[in-house]
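Peer 1: My structure is in query08.tsv, and what it holds is TSV, C-alpha atoms:
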```
chain	number	residue	atom	x	y	z
A	1	MET	CA	-14.60	15.29	19.58
A	2	ASP	CA	-18.03	13.82	18.81
A	3	LEU	CA	-17.51	10.32	17.37
A	4	PHE	CA	-19.77	10.92	14.36
A	5	THR	CA	-17.83	14.09	13.57
A	6	LYS	CA	-14.58	12.15	13.72
A	7	ILE	CA	-15.79	9.41	11.36
A	8	GLN	CA	-17.47	11.83	8.96
A	9	GLY	CA	-16.92	10.68	5.39
A	10	HIS	CA	-16.83	6.99	6.36
A	11	GLU	CA	-19.77	4.70	5.72
A	12	GLN	CA	-19.27	2.36	8.66
A	13	VAL	CA	-16.95	1.84	11.63
A	14	VAL	CA	-17.17	-1.38	13.64
A	15	PHE	CA	-15.61	-1.80	17.09
A	16	CYS	CA	-14.85	-5.46	17.79
A	17	ASN	CA	-14.43	-6.80	21.33
A	18	ASP	CA	-14.00	-10.44	22.34
A	19	PRO	CA	-12.96	-10.81	26.01
A	20	ASN	CA	-12.35	-14.55	25.70
A	21	THR	CA	-9.49	-14.09	23.22
A	22	GLY	CA	-8.45	-10.55	24.16
A	23	LEU	CA	-9.41	-9.26	20.71
A	24	LYS	CA	-9.86	-5.51	20.46
A	25	ALA	CA	-10.15	-4.39	16.85
A	26	ILE	CA	-11.65	-1.70	14.64
A	27	ILE	CA	-12.92	-2.17	11.09
A	28	ALA	CA	-13.40	1.01	9.02
A	29	ILE	CA	-15.30	1.04	5.73
A	30	HIS	CA	-14.69	4.33	3.95
A	31	ASN	CA	-16.43	4.05	0.59
A	32	THR	CA	-18.10	1.23	-1.35
A	33	ALA	CA	-19.08	3.14	-4.49
A	34	LEU	CA	-16.88	0.86	-6.61
A	35	GLY	CA	-17.61	-2.36	-4.72
A	36	PRO	CA	-17.03	-4.03	-1.34
A	37	ALA	CA	-14.32	-2.52	0.83
A	38	LEU	CA	-10.89	-4.11	0.59
A	39	GLY	CA	-7.95	-3.45	2.89
A	40	GLY	CA	-5.45	-5.16	5.14
A	41	CYS	CA	-5.47	-5.80	8.87
A	42	ARG	CA	-2.72	-4.09	10.86
A	43	MET	CA	-1.71	-5.18	14.38
A	44	ARG	CA	0.03	-2.68	16.66
A	45	PRO	CA	0.17	-1.90	20.39
A	46	TYR	CA	-1.60	1.43	19.94
A	47	PRO	CA	-1.20	3.62	23.04
A	48	THR	CA	-4.87	4.67	23.02
A	49	MET	CA	-8.13	3.76	21.32
A	50	ASP	CA	-8.14	7.21	19.71
A	51	ALA	CA	-4.74	6.49	18.13
A	52	ALA	CA	-6.03	3.21	16.71
A	53	LEU	CA	-9.18	4.89	15.40
A	54	GLU	CA	-7.22	7.71	13.77
A	55	ASP	CA	-4.94	5.19	12.03
A	56	VAL	CA	-7.74	2.99	10.69
A	57	LEU	CA	-9.74	5.99	9.45
A	58	ARG	CA	-6.73	7.45	7.63
A	59	LEU	CA	-5.71	4.11	6.13
A	60	SER	CA	-9.21	3.15	4.99
A	61	LYS	CA	-9.68	6.46	3.19
A	62	GLY	CA	-6.35	5.92	1.46
A	63	MET	CA	-7.56	2.51	0.28
A	64	THR	CA	-10.53	4.10	-1.50
A	65	TYR	CA	-8.14	6.14	-3.64
A	66	LYS	CA	-5.74	3.23	-4.03
A	67	CYS	CA	-8.48	0.91	-5.31
A	68	ALA	CA	-9.71	3.58	-7.73
A	69	ALA	CA	-6.20	4.20	-9.01
A	70	ALA	CA	-5.58	0.47	-9.49
A	71	ASP	CA	-8.90	0.14	-11.36
A	72	VAL	CA	-10.20	-2.75	-9.24
A	73	ASP	CA	-13.90	-3.13	-8.41
A	74	PHE	CA	-13.46	-2.53	-4.70
A	75	GLY	CA	-13.83	0.33	-2.27
A	76	GLY	CA	-11.70	1.43	0.63
A	77	GLY	CA	-11.53	-0.25	4.00
A	78	LYS	CA	-8.99	-1.16	6.66
A	79	SER	CA	-8.85	-2.92	10.00
A	80	VAL	CA	-6.57	-2.71	13.02
A	81	ILE	CA	-6.06	-5.07	15.93
A	82	ILE	CA	-4.84	-3.43	19.13
A	83	GLY	CA	-2.06	-5.57	20.56
A	84	ASP	CA	1.58	-6.55	20.36
A	85	PRO	CA	2.09	-8.82	17.34
A	86	LEU	CA	5.04	-10.46	19.09
A	87	SER	CA	3.13	-11.54	22.21
A	88	ASP	CA	-0.63	-11.12	21.83
A	89	LYS	CA	-1.39	-13.29	18.80
A	90	SER	CA	-3.27	-16.57	19.00
A	91	PRO	CA	-5.23	-18.74	16.55
A	92	ASP	CA	-8.40	-18.11	18.55
A	93	LEU	CA	-7.90	-14.33	18.37
A	94	PHE	CA	-7.82	-14.44	14.58
A	95	ARG	CA	-10.79	-16.79	14.47
A	96	ALA	CA	-12.71	-14.27	16.59
A	97	PHE	CA	-11.62	-11.51	14.22
A	98	GLY	CA	-12.80	-13.63	11.28
A	99	GLN	CA	-16.25	-13.88	12.88
A	100	PHE	CA	-16.53	-10.10	13.06
A	101	VAL	CA	-15.46	-9.80	9.42
A	102	ASP	CA	-18.03	-12.41	8.45
A	103	SER	CA	-20.77	-10.50	10.27
A	104	LEU	CA	-20.38	-7.74	7.63
A	105	ARG	CA	-21.72	-10.17	5.00
A	106	GLY	CA	-19.24	-9.42	2.23
A	107	ARG	CA	-18.98	-5.65	2.71
A	108	PHE	CA	-15.31	-5.99	3.75
A	109	TYR	CA	-12.43	-8.19	2.57
A	110	THR	CA	-9.14	-8.21	4.45
A	111	GLY	CA	-5.73	-9.84	4.78
A	112	THR	CA	-2.21	-9.23	5.95
A	113	ASP	CA	-0.66	-5.86	6.76
A	114	MET	CA	1.98	-4.55	9.16
A	115	GLY	CA	2.19	-6.82	12.19
A	116	THR	CA	0.19	-9.66	10.65
A	117	THR	CA	1.15	-12.55	8.38
A	118	PRO	CA	-0.66	-14.68	5.78
A	119	GLU	CA	-0.54	-17.59	8.23
A	120	ASP	CA	-2.57	-15.55	10.77
A	121	PHE	CA	-5.44	-15.39	8.30
A	122	VAL	CA	-5.46	-19.13	7.73
A	123	HIS	CA	-7.16	-19.20	11.15
A	124	ALA	CA	-9.52	-16.35	10.23
A	125	MET	CA	-10.50	-18.28	7.07
A	126	LYS	CA	-12.11	-20.92	9.27
A	127	GLU	CA	-14.76	-18.33	10.16
A	128	THR	CA	-15.16	-16.30	6.94
A	129	ARG	CA	-14.57	-16.45	3.20
A	130	CYS	CA	-13.77	-12.72	3.08
A	131	ILE	CA	-9.99	-13.17	3.35
A	132	VAL	CA	-7.28	-12.48	0.75
A	133	GLY	CA	-3.52	-12.85	0.64
A	134	VAL	CA	-3.27	-16.28	2.24
A	135	PRO	CA	-0.50	-18.75	1.28
A	136	GLU	CA	-0.75	-20.48	-2.08
A	137	GLU	CA	-1.43	-23.85	-0.47
A	138	TYR	CA	-4.64	-22.36	0.94
A	139	GLY	CA	-5.80	-20.95	-2.37
A	140	GLY	CA	-4.00	-17.62	-2.20
A	141	SER	CA	-1.84	-15.97	-4.82
A	142	GLY	CA	1.50	-15.98	-3.03
A	143	ASP	CA	3.90	-13.22	-2.01
A	144	SER	CA	2.27	-9.85	-2.73
A	145	SER	CA	5.59	-8.05	-2.30
A	146	VAL	CA	6.60	-9.26	-5.77
A	147	PRO	CA	4.01	-7.21	-7.73
A	148	THR	CA	4.39	-4.36	-5.24
A	149	ALA	CA	8.11	-4.14	-6.01
A	150	LEU	CA	7.42	-4.41	-9.74
A	151	GLY	CA	4.96	-1.52	-9.45
A	152	VAL	CA	7.67	0.58	-7.79
A	153	ILE	CA	9.97	-0.16	-10.73
A	154	TYR	CA	7.28	0.99	-13.17
A	155	GLY	CA	6.83	4.09	-11.00
A	156	ILE	CA	10.53	4.87	-11.17
A	157	MET	CA	10.50	4.36	-14.92
A	158	ALA	CA	7.64	6.86	-15.21
A	159	VAL	CA	9.46	9.54	-13.21
A	160	ASN	CA	12.62	8.92	-15.24
A	161	LYS	CA	10.59	9.40	-18.42
A	162	ALA	CA	9.10	12.64	-17.09
A	163	VAL	CA	12.34	14.06	-15.67
A	164	PHE	CA	15.07	12.72	-17.95
A	165	GLY	CA	13.16	12.00	-21.17
A	166	SER	CA	13.85	8.25	-21.04
A	167	ASP	CA	12.41	5.57	-18.79
A	168	SER	CA	15.69	3.65	-18.64
A	169	LEU	CA	16.68	2.61	-15.12
A	170	SER	CA	20.40	2.47	-15.88
A	171	GLY	CA	22.67	5.46	-15.75
A	172	HIS	CA	20.89	6.88	-12.70
A	173	SER	CA	21.35	6.76	-8.93
A	174	TYR	CA	18.72	5.94	-6.31
A	175	GLY	CA	18.52	6.44	-2.56
A	176	ILE	CA	16.57	3.49	-1.12
A	177	GLN	CA	15.20	3.86	2.39
A	178	GLY	CA	14.24	0.44	3.75
A	179	LEU	CA	15.28	-3.01	2.58
A	180	GLY	CA	12.30	-5.04	3.69
A	181	LYS	CA	10.33	-7.41	1.48
A	182	VAL	CA	9.60	-4.74	-1.12
A	183	GLY	CA	12.64	-2.46	-0.83
A	184	PHE	CA	15.06	-5.37	-1.12
A	185	LYS	CA	13.42	-6.61	-4.34
A	186	VAL	CA	13.41	-3.07	-5.77
A	187	ALA	CA	17.12	-2.76	-4.99
A	188	GLU	CA	17.87	-6.09	-6.68
A	189	MET	CA	16.04	-5.09	-9.87
A	190	LEU	CA	17.72	-1.69	-9.99
A	191	LEU	CA	21.16	-3.27	-9.52
A	192	GLU	CA	20.47	-5.76	-12.29
A	193	ALA	CA	19.57	-2.82	-14.56
A	194	GLY	CA	22.93	-1.20	-13.84
A	195	ALA	CA	21.85	1.50	-11.37
A	196	ASP	CA	23.94	2.98	-8.57
A	197	LEU	CA	22.36	2.78	-5.12
A	198	PHE	CA	22.59	4.47	-1.76
A	199	VAL	CA	20.85	2.19	0.76
A	200	THR	CA	19.90	2.19	4.42
A	201	ASP	CA	17.86	0.02	6.75
A	202	ILE	CA	17.28	-0.18	10.48
A	203	ASP	CA	18.45	-3.80	10.26
A	204	GLU	CA	22.10	-3.80	9.15
A	205	ARG	CA	21.82	-7.46	8.22
A	206	ALA	CA	19.58	-6.52	5.30
A	207	VAL	CA	22.28	-4.19	3.98
A	208	PHE	CA	24.95	-6.89	4.32
A	209	THR	CA	22.72	-9.43	2.56
A	210	LEU	CA	22.18	-7.05	-0.33
A	211	LEU	CA	25.92	-6.40	-0.59
A	212	GLU	CA	26.54	-10.14	-0.82
A	213	LYS	CA	23.85	-10.68	-3.42
A	214	ALA	CA	25.08	-7.73	-5.45
A	215	ARG	CA	28.52	-9.20	-6.11
A	216	GLY	CA	28.96	-9.28	-9.85
A	217	SER	CA	25.87	-7.15	-10.57
A	218	LYS	CA	25.98	-4.27	-13.04
A	219	GLY	CA	25.31	-1.55	-10.49
A	220	SER	CA	26.98	-0.33	-7.30
A	221	ILE	CA	25.90	0.03	-3.65
A	222	LYS	CA	26.90	2.54	-1.01
A	223	PRO	CA	25.43	1.95	2.48
A	224	VAL	CA	24.63	5.11	4.47
A	225	ALA	CA	23.37	5.86	7.98
A	226	LEU	CA	19.61	6.02	8.56
A	227	ASP	CA	19.30	9.81	8.71
A	228	ASP	CA	21.87	10.37	5.95
A	229	ILE	CA	19.67	8.86	3.24
A	230	TYR	CA	17.77	12.14	2.78
A	231	ALA	CA	20.87	14.11	1.76
A	232	VAL	CA	22.50	11.64	-0.64
A	233	PRO	CA	23.27	13.06	-4.12
A	234	ALA	CA	20.95	10.65	-5.94
A	235	ASP	CA	18.56	11.20	-8.85
A	236	VAL	CA	15.54	9.54	-7.21
A	237	PHE	CA	14.59	9.02	-3.56
A	238	VAL	CA	12.89	5.63	-3.05
A	239	PRO	CA	11.17	5.46	0.38
A	240	CYS	CA	10.22	1.85	1.17
A	241	ALA	CA	9.88	1.95	4.94
A	242	LEU	CA	7.81	4.18	7.21
A	243	GLY	CA	5.25	6.83	6.30
A	244	GLY	CA	5.50	10.53	7.01
A	245	VAL	CA	9.11	10.73	5.85
A	246	LEU	CA	8.53	13.72	3.57
A	247	ASN	CA	8.26	16.62	5.99
A	248	ASP	CA	9.63	20.12	6.51
A	249	SER	CA	12.97	18.87	7.82
A	250	THR	CA	13.66	16.07	5.37
A	251	ILE	CA	12.49	17.85	2.21
A	252	ASP	CA	15.02	20.59	2.88
A	253	LEU	CA	17.75	17.95	2.80
A	254	LEU	CA	16.73	16.27	-0.45
A	255	GLN	CA	19.03	16.67	-3.44
A	256	VAL	CA	17.01	14.39	-5.73
A	257	LYS	CA	14.93	15.26	-8.77
A	258	ALA	CA	12.08	12.85	-7.98
A	259	VAL	CA	10.50	10.61	-5.32
A	260	ALA	CA	8.97	7.19	-6.05
A	261	GLY	CA	8.68	4.45	-3.44
A	262	SER	CA	6.45	1.88	-1.78
A	263	ALA	CA	6.00	3.39	1.70
A	264	ASN	CA	2.42	4.35	2.57
A	265	ASN	CA	1.46	7.94	3.43
A	266	GLN	CA	4.88	9.39	2.59
A	267	LEU	CA	3.70	13.00	2.88
A	268	PHE	CA	3.63	14.01	6.55
A	269	GLU	CA	0.92	16.54	5.71
A	270	GLU	CA	-1.00	17.15	2.48
A	271	ARG	CA	0.73	20.50	2.04
A	272	HIS	CA	4.08	18.75	1.61
A	273	GLY	CA	3.01	17.82	-1.91
A	274	ASP	CA	3.10	21.53	-2.68
A	275	VAL	CA	6.42	21.90	-0.87
A	276	LEU	CA	7.98	19.25	-3.13
A	277	LYS	CA	6.52	20.90	-6.23
A	278	ASN	CA	7.91	24.29	-5.23
A	279	LYS	CA	11.33	22.74	-4.75
A	280	GLY	CA	11.19	21.23	-8.25
A	281	ILE	CA	11.01	17.61	-7.04
A	282	LEU	CA	8.61	15.35	-8.96
A	283	TYR	CA	6.57	13.24	-6.52
A	284	ALA	CA	5.01	9.95	-7.63
A	285	PRO	CA	2.00	9.55	-5.28
A	286	ASP	CA	2.58	6.52	-3.09
A	287	TYR	CA	-0.85	4.91	-3.40
A	288	ILE	CA	-0.36	4.79	-7.18
A	289	VAL	CA	3.18	3.42	-7.04
A	290	ASN	CA	2.60	0.72	-4.41
A	291	ALA	CA	-0.66	-0.68	-5.81
A	292	GLY	CA	0.86	-3.92	-7.15
A	293	GLY	CA	0.15	-5.89	-3.98
A	294	LEU	CA	-3.44	-4.67	-3.89
A	295	ILE	CA	-3.88	-5.65	-7.53
A	296	GLN	CA	-2.72	-9.20	-6.74
A	297	VAL	CA	-4.92	-9.79	-3.68
A	298	ALA	CA	-7.95	-8.27	-5.42
A	299	ASP	CA	-7.32	-10.59	-8.35
A	300	GLU	CA	-7.58	-13.61	-6.02
A	301	LEU	CA	-11.29	-12.95	-5.68
A	302	TYR	CA	-11.81	-13.45	-9.42
A	303	GLY	CA	-9.66	-16.57	-9.56
A	304	HIS	CA	-5.97	-15.66	-9.56
A	305	ASN	CA	-4.35	-15.06	-12.94
A	306	LYS	CA	-0.68	-14.10	-12.84
A	307	GLN	CA	-0.62	-12.54	-16.30
A	308	ARG	CA	-3.65	-10.41	-15.48
A	309	VAL	CA	-1.89	-9.13	-12.34
A	310	LEU	CA	1.25	-8.27	-14.32
A	311	THR	CA	-0.76	-6.43	-16.97
A	312	LYS	CA	-2.63	-4.30	-14.42
A	313	THR	CA	0.57	-3.62	-12.48
A	314	LYS	CA	2.27	-2.41	-15.66
A	315	ALA	CA	-0.56	0.14	-16.05
A	316	ILE	CA	0.92	2.02	-13.05
A	317	TYR	CA	3.41	3.51	-15.52
A	318	ALA	CA	0.72	5.00	-17.78
A	319	SER	CA	-1.38	6.21	-14.84
A	320	LEU	CA	1.55	8.13	-13.41
A	321	LEU	CA	2.38	9.78	-16.72
A	322	GLU	CA	-1.25	10.89	-16.99
A	323	ILE	CA	-1.13	12.31	-13.45
A	324	PHE	CA	2.14	14.15	-14.18
A	325	THR	CA	0.56	15.69	-17.29
A	326	GLN	CA	-2.53	16.76	-15.38
A	327	SER	CA	-0.41	18.21	-12.60
A	328	GLU	CA	1.46	20.36	-15.09
A	329	SER	CA	-1.59	21.48	-17.05
A	330	LEU	CA	-3.54	22.46	-13.91
A	331	ASN	CA	-0.46	23.82	-12.14
A	332	ILE	CA	-1.13	21.73	-9.05
A	333	CYS	CA	1.08	19.28	-7.19
A	334	THR	CA	1.02	15.64	-8.25
A	335	ALA	CA	-0.61	14.55	-4.98
A	336	LYS	CA	-3.65	16.72	-5.72
A	337	ALA	CA	-3.65	15.62	-9.35
A	338	ALA	CA	-3.70	11.97	-8.22
A	339	ASP	CA	-6.66	12.61	-5.91
A	340	LEU	CA	-8.55	14.26	-8.78
A	341	PHE	CA	-7.68	11.34	-11.06
A	342	CYS	CA	-9.15	8.87	-8.55
A	343	GLU	CA	-12.21	10.97	-7.66
A	344	LYS	CA	-13.15	11.23	-11.34
A	345	ARG	CA	-12.77	7.47	-11.75
A	346	ILE	CA	-14.96	6.81	-8.69
A	347	GLU	CA	-17.66	9.14	-9.93
A	348	ALA	CA	-17.55	7.73	-13.45
A	349	GLN	CA	-17.94	4.15	-12.22
A	350	ARG	CA	-20.35	4.79	-9.35
A	351	ASN	CA	-23.29	2.36	-9.28
A	352	ARG	CA	-22.08	0.36	-12.26
A	353	SER	CA	-22.54	-3.38	-12.04
A	354	SER	CA	-19.44	-5.36	-11.19
A	355	PHE	CA	-18.51	-8.95	-10.48
A	356	PHE	CA	-19.45	-8.36	-6.85
A	357	THR	CA	-22.89	-6.77	-7.25
A	358	HIS	CA	-26.38	-8.26	-7.48
A	359	GLY	CA	-25.49	-11.34	-5.47
A	360	LYS	CA	-22.61	-12.48	-7.65
A	361	GLN	CA	-19.79	-14.17	-5.76
A	362	PRO	CA	-16.09	-14.68	-6.49
A	363	LYS	CA	-15.04	-18.09	-7.72
A	364	TRP	CA	-13.38	-19.27	-4.51
A	365	GLU	CA	-16.46	-18.37	-2.45
A	366	VAL	CA	-18.29	-21.42	-3.80
A	367	ARG	CA	-15.60	-23.95	-2.91
A	368	VAL	CA	-16.51	-26.67	-0.40
```
Show this structure as structure tokens.

Peer 2:
Amino acid sequence: MDLFTKIQGHEQVVFCNDPNTGLKAIIAIHNTALGPALGGCRMRPYPTMDAALEDVLRLSKGMTYKCAAADVDFGGGKSVIIGDPLSDKSPDLFRAFGQFVDSLRGRFYTGTDMGTTPEDFVHAMKETRCIVGVPEEYGGSGDSSVPTALGVIYGIMAVNKAVFGSDSLSGHSYGIQGLGKVGFKVAEMLLEAGADLFVTDIDERAVFTLLEKARGSKGSIKPVALDDIYAVPADVFVPCALGGVLNDSTIDLLQVKAVAGSANNQLFEERHGDVLKNKGILYAPDYIVNAGGLIQVADELYGHNKQRVLTKTKAIYASLLEIFTQSESLNICTAKAADLFCEKRIEAQRNRSSFFTHGKQPKWEVRV
């Protein structure tokens, strides 16, 4: 396929190559109508360059909608580094990556994602100021999984309100897929609220740790096998691991009334939003639900304010209820309603001045 055909709809795609460090990376800027592009940097041993390009294009487009939904003055971007995060990392590699980011002159801000850590970007910060999500001791805002998990809780409350008439977390059961940084925190909060959980994770130690921590909590836990999580008789399915988990096979197994979780790109194909709707399962679009982490790292660039982050994260609840209402009134699936919600917000705010336009700089940019 012609490269320009493949990247159609994106403003800019940068291929980064530094033989001295072994860096091979791609930066994709999808849309800057709302402001500079913002998105994490993923590191994976992609089998081909085409696979890496497809991933970064898909993820950067998703960030445009995610930023619009979260009402932050940023557009969509993403970056990927081709390599094994367990063996190919080095401080010099991330410094080289930082130089490429800096060459974009503020059009793209990035930070940690799958396969990278905040500490990796401490090295990148030596070459560019366009980094977010670094440790607090380096001026960052701390663990972004905390607001992400809180956003998932607000998402679950919204689906409970829409499905059951009350946003109470207690008295319901939840099937949690994945007990990583976010999923584990979500499970803890649900248990504290008195919920009953079915849980699974590829790492059994995470399940055992949760069982130990849950002693004396108000709720209950039932561990299940990885593939059995789809068929548990829960009220809400909470995917907090891999993307693409809502597909023809798994949707047929679901016995839940709703889906709300932190995993990115949960729908294997766009049409699966319609499949869920036809089955009577309310889907909370993932890029709305998991926006808490984005809200926190974006807030760093204004001078981090914890209360401001919590307030904007809480707005996930109201945004979802608005999307559910629009979905019902237009008789379209919630995934399409969410896209319309974000597209209208982008168009309404296009070309408006923001903190990042006309040469203005974020507070931490002027530090020496």

Peer 1: For Ala162 of chain A, which residue out of A:Ile281, A:Leu211, A:Leu3, A:Met43 is the nearest one, using all atoms listed in the file?

Peer 2: A:Ile281

Peer 1: Which of these residues is nearest to Lys185 of chain A, using only C-alpha atoms: A:Ala149, A:Val256, A:Ile202, A:Ala318?

Peer 2: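 Distance minimum relative to Lys185 of chain A lands on A:Ala149.
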
Peer 1: Atom CA of Leu210 of chain A and atom CA of Ala187 of chain A, how far apart in Å?

Peer 2: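 Straight-line distance from atom CA of Ala187 of chain A to atom CA of Leu210 of chain A works out to 8.1 Å.
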
Peer 1: With distances taken over all atoms listed in the file, which residue among A:Leu191, A:Gln177, A:Ala260, A:His10 lies nearest Leu226 of chain A?

Peer 2: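 Of all the options, A:Gln177 lies closest to Leu226 of chain A.
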
Peer 1: Need the shell around Gln266 of chain A: protein/DNA/RNA residues with any atom at most 6 Å away, counting only C-alpha atoms. Skip same-chain ones fewer than 3 positions apart. Format as number ranges by chain?

Peer 2: A: 243-246

Peer 1: Would you pick out the contacts of Ser170 of chain A at 10 Å or less, using all atoms listed in the file, so that residues sharing its chain but fewer than 2 positions from it are not included, and give the list as a CSV table (one decimal) with C-alpha atoms, in the coordinates of the input?

Peer 2:
```csv
chain,number,residue,atom,x,y,z
A,167,ASP,CA,12.4,5.6,-18.8
A,168,SER,CA,15.7,3.6,-18.6
A,172,HIS,CA,20.9,6.9,-12.7
A,173,SER,CA,21.4,6.8,-8.9
A,190,LEU,CA,17.7,-1.7,-10.0
A,191,LEU,CA,21.2,-3.3,-9.5
A,192,GLU,CA,20.5,-5.8,-12.3
A,193,ALA,CA,19.6,-2.8,-14.6
A,194,GLY,CA,22.9,-1.2,-13.8
A,195,ALA,CA,21.8,1.5,-11.4
A,196,ASP,CA,23.9,3.0,-8.6
A,218,LYS,CA,26.0,-4.3,-13.0
A,219,GLY,CA,25.3,-1.6,-10.5
```

Peer 1: Work out how far apart atom CA of Arg95 of chain A and atom CA of Ala124 of chain A are and give it in Å to one decimal.

Peer 2: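 Between atom CA of Arg95 of chain A and atom CA of Ala124 of chain A the gap works out to 4.4 Å.
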
Peer 1: For the atom pair atom CA of Leu253 of chain A and atom CA of Gly155 of chain A, what is the interatomic distance in Å to one decimal place?

Peer 2: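 Straight-line distance from atom CA of Leu253 of chain A to atom CA of Gly155 of chain A works out to 22.4 Å.
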
Peer 1: Name the residues in contact with Asn278 of chain A at a cut-off of 12 Å, using only C-alpha atoms, excluding same-chain residues fewer than 5 positions from it; report them as a PyMOL selection string.

Peer 2: chain A and resi 251-252+257+271-273+283+331-334

Peer 1: Using only C-alpha atoms, pick whichever of A:Tyr154, A:Phe15, A:Phe121, A:Phe268 has the shortest atom-to-atom distance to Asp50 of chain A.

Peer 2: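 Among the listed residues, A:Phe15 lies closest to Asp50 of chain A.
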
Peer 1: Ranking A:Cys342, A:Val309, A:Ala241, A:Ile288 by minimum distance to Ser141 of chain A and counting all atoms listed in the file, which one comes first?

Peer 2: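 Of the candidates, the smallest distance to Ser141 of chain A is held by A:Val309.
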
Peer 1: Extract, using only C-alpha atoms, all DNA, RNA and protein residues at most 9 Å from Phe74 of chain A, discarding same-chain residues fewer than 2 positions from it, and format them as a ChimeraX atom specification.

Peer 2: /A:31-38,64,67-68,71-72,76,298,356

Peer 1: Out of A:Val159, A:Ile29, A:Ile346, A:Pro85, which residue has the shortest atom-to-atom distance to Gly9 of chain A when counting only C-alpha atoms?

Peer 2: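 Of A:Val159, A:Ile29, A:Ile346, A:Pro85, the one nearest Gly9 of chain A, counting only C-alpha atoms, is A:Ile29.
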